[in-house]
Amino acid sequence: MSLPLEEREMAVVGCGPAGLCAAITAAKTGADVVVLDENDRAGGQLIKQIHRFFGSRRHGAGKRGYEIAGELERESEAAGVEMRLGNTVLGLFPGGEMMVEDRDGVYVLRARAVVVATGASEKGLAFPGWTLPGVMGAGAAQTLVNLHGVLPGRRVLMVGAGNVGLIVSYQLLQAGAEVVGILDVSERVGGYEVHRLRVQREGVPFYLGHRVVQARGRYGVEEVSVEEVGGASRKVFRADAVCLAVGLSPLAELAAMCGCRMVYSRELGGFMPWHDGDMRTDQPGVYVAGDAAGVEEASVAMEEGRMAGLSAAEDLGAMGRKEAERAKDEVRRFLWELRGGPYGEAKRRAKESVHCA
């Protein structure tokens, strides 16, 4: 039995900030673009981010994540992008052919250009009791609270003092939970100062240089033991939820499936498809953007999406090389600025290593 086959000019897998920006950029050049995403709402992680972004107006400074998602969705529609939500890409194969499942069954879509913008997944942390109900990723807790109005627990221990841990801790406080502490094996807070100060003003204690020893409970988490790195002292928390904000890994399985060469970068979250500065992979017609190309900030994902959209449009013949280069130079300038500072500098060096691998 043969599956229905559809031919398109360009397909984007993932409608988070990277995928939407790639689609908008290419569609504005006249390219025929379809976006596929397994979720029923566009915006990716943006739709559950209720905090205000900071930075530049170009990247939504002063707006909340879900507001930025709405703006990008409306801009996509205005540019003529076809949005297919509830469509899961089951496989991506050489030649731009993909197997897709929607509510009516399975079909095959073949595109001359494919942008993989599938985002990232949360990393786990194994310790005795980590499979108990109540132990979850910080992103999962954020989804429960901000999208579904459900508290993951009344007393929450946050593991990880990076931006995700700090932001989700504050949002849990806003939702009525008590954050009994923020734990990190590092001796310093890894997130931005503005996020640290917010939770500190609410009286949340930090336990730096500490690790989880064990979570215990009969039917779910009831208490958590932690210790100083090196075992100098221990502390027991009464808690019914443990949120893990211990990093993200690129969701790059589709790129690997279609034959893209994979490279590893600890600073960027793990394995990802090799790509050049224009977001081209080593597979003709396949591009990558956002966290699938290495975990960074949402603003970086937007610019990488724009770069991938420009490269795809150029390769499709929707825009000339000189015009594309002028537009890419602007994107390169923004990426350079976004990767400034101590934290961004490390990401920039890691990206350059990927390009040279």
# chains A, B, ... in the order shown; residues from 1 in each chain; ligands from 1
>>> select_by_dssp(residues="region 27-165 of chain A", states="alpha helix (DSSP H)", output="count of residues only")
30
>>> residues_around(residues="Gly247 (chain A)", least_positions_apart="6", cutoff="8 Å", atoms="only C-alpha atoms", output="PyMOL selection string")
chain A and resi 122-123+269
>>> write_last_selection(atoms="N, CA and C atoms", output="short mmCIF file (atom, residue, chain, number, x, y, z; two decimals), in the first residue's frame")
data_model
loop_
_atom_site.label_atom_id
_atom_site.label_comp_id
_atom_site.auth_asym_id
_atom_site.auth_seq_id
_atom_site.Cartn_x
_atom_site.Cartn_y
_atom_site.Cartn_z
N GLU A 122 14.91 18.02 27.89
CA GLU A 122 15.52 18.19 29.20
C GLU A 122 16.41 17.01 29.56
N LYS A 123 17.52 17.31 30.16
CA LYS A 123 18.38 16.25 30.67
C LYS A 123 17.85 15.77 32.02
N GLY A 269 25.30 21.41 24.70
CA GLY A 269 24.29 20.45 25.12
C GLY A 269 24.49 19.02 24.70
#
>>> closest_atom_pairs(of="region 157-231 of chain A", to="region 129-146 of chain A", cutoff="8 Å", atoms="only C-alpha atoms", output="tab-separated table")
residue	atom	partner	partner_atom	distance
A:Met158	CA	A:Ala138	CA	7.8
A:Val164	CA	A:Ala138	CA	7.2
A:Gly165	CA	A:Ala138	CA	6.7
A:Val168	CA	A:Gln142	CA	6.2
A:Gln171	CA	A:Gln142	CA	7.6
A:Leu172	CA	A:Val145	CA	7.3
A:Ala175	CA	A:Val145	CA	7.1
A:Gln214	CA	A:Gly129	CA	5.9
A:Ala215	CA	A:Gly129	CA	4.6
A:Arg216	CA	A:Gly129	CA	5.9
A:Gly217	CA	A:Leu132	CA	7.7
A:Tyr219	CA	A:Pro133	CA	7.2
A:Gly220	CA	A:Pro133	CA	4.6
A:Val221	CA	A:Gly134	CA	5.6
>>> write_last_selection(atoms="C-alpha atoms", output="PDB file, in the first residue's frame")
ATOM      1  CA  MET A 158      14.761  23.022  42.533  1.00  0.00           C
ATOM      2  CA  VAL A 164      15.809  27.797  33.759  1.00  0.00           C
ATOM      3  CA  GLY A 165      15.977  26.859  37.437  1.00  0.00           C
ATOM      4  CA  VAL A 168      10.792  28.349  36.910  1.00  0.00           C
ATOM      5  CA  GLN A 171       6.974  31.140  38.442  1.00  0.00           C
ATOM      6  CA  LEU A 172       6.261  28.379  40.950  1.00  0.00           C
ATOM      7  CA  ALA A 175       1.562  30.092  41.319  1.00  0.00           C
ATOM      8  CA  GLN A 214      18.226  10.505  47.719  1.00  0.00           C
ATOM      9  CA  ALA A 215      14.490  11.142  47.360  1.00  0.00           C
ATOM     10  CA  ARG A 216      12.187   9.078  49.569  1.00  0.00           C
ATOM     11  CA  GLY A 217       8.472   8.482  49.836  1.00  0.00           C
ATOM     12  CA  TYR A 219       3.727   6.801  46.795  1.00  0.00           C
ATOM     13  CA  GLY A 220       5.657   9.883  45.730  1.00  0.00           C
ATOM     14  CA  VAL A 221       8.327  12.277  46.928  1.00  0.00           C
TER      15      VAL A 221
END
>>> closest_residue(among="A:Gly259, A:Glu222, A:Glu178, A:Val246", to="Gly95 (chain A)", atoms="only C-alpha atoms")
A:Gly259
>>> residues_around(residues="Gly270 (chain A)", least_positions_apart="4", cutoff="9 Å", atoms="only C-alpha atoms", output="list in words")
Leu248, Ser249, Pro250, Val263, Tyr264, Ser265, Arg266, Gly294 and Val295 of chain A
>>> residues_around(residues="Asn87 (chain A)", least_positions_apart="2", cutoff="6 Å", atoms="only C-alpha atoms", output="list in words")
Leu36, Asp37, Glu38, Leu85, Glu101 and Asp102 of chain A
>>> residues_around(residues="Arg52 (chain A)", least_positions_apart="4", cutoff="8 Å", atoms="only C-alpha atoms", output="PyMOL selection string")
chain A and resi 61-65
>>> closest_atom_pairs(of="region 70-93 of chain A", to="region 1-17 of chain A", cutoff="10 Å", atoms="only C-alpha atoms", output="tab-separated table")
residue	atom	partner	partner_atom	distance
A:Leu72	CA	A:Pro17	CA	7.7
A:Glu73	CA	A:Cys15	CA	8.8
A:Val81	CA	A:Ala11	CA	9.9
A:Glu82	CA	A:Ala11	CA	9.6
A:Met83	CA	A:Cys15	CA	8.4
A:Arg84	CA	A:Cys15	CA	9.3
A:Leu85	CA	A:Cys15	CA	8.6
A:Asn87	CA	A:Val13	CA	9.5
A:Thr88	CA	A:Val13	CA	8.9
A:Val89	CA	A:Val13	CA	7.5
A:Leu92	CA	A:Val13	CA	9.9
>>> closest_residue(among="A:Ala111, A:Leu90, A:Val229, A:Ala26", to="Arg211 (chain A)", atoms="only C-alpha atoms")
A:Val229
>>> atom_distance(atom1="CA of Glu314 (chain A)", atom2="CA of Arg58 (chain A)")
23.0 Å
>>> residues_around(residues="Lys347 (chain A)", least_positions_apart="5", cutoff="7 Å", atoms="only C-alpha atoms", output="PyMOL selection string")
chain A and resi 267-268+339
>>> residues_around(residues="Glu193 (chain A)", least_positions_apart="4", cutoff="12 Å", atoms="only C-alpha atoms", output="MDAnalysis selection string")
chainID A and resid 161:163 166:167 188:189 197:200
>>> atom_distance(atom1="CA of His51 (chain A)", atom2="CA of Val224 (chain A)")
28.8 Å
>>> atom_distance(atom1="CA of Glu202 (chain A)", atom2="CA of Leu173 (chain A)")
8.3 Å
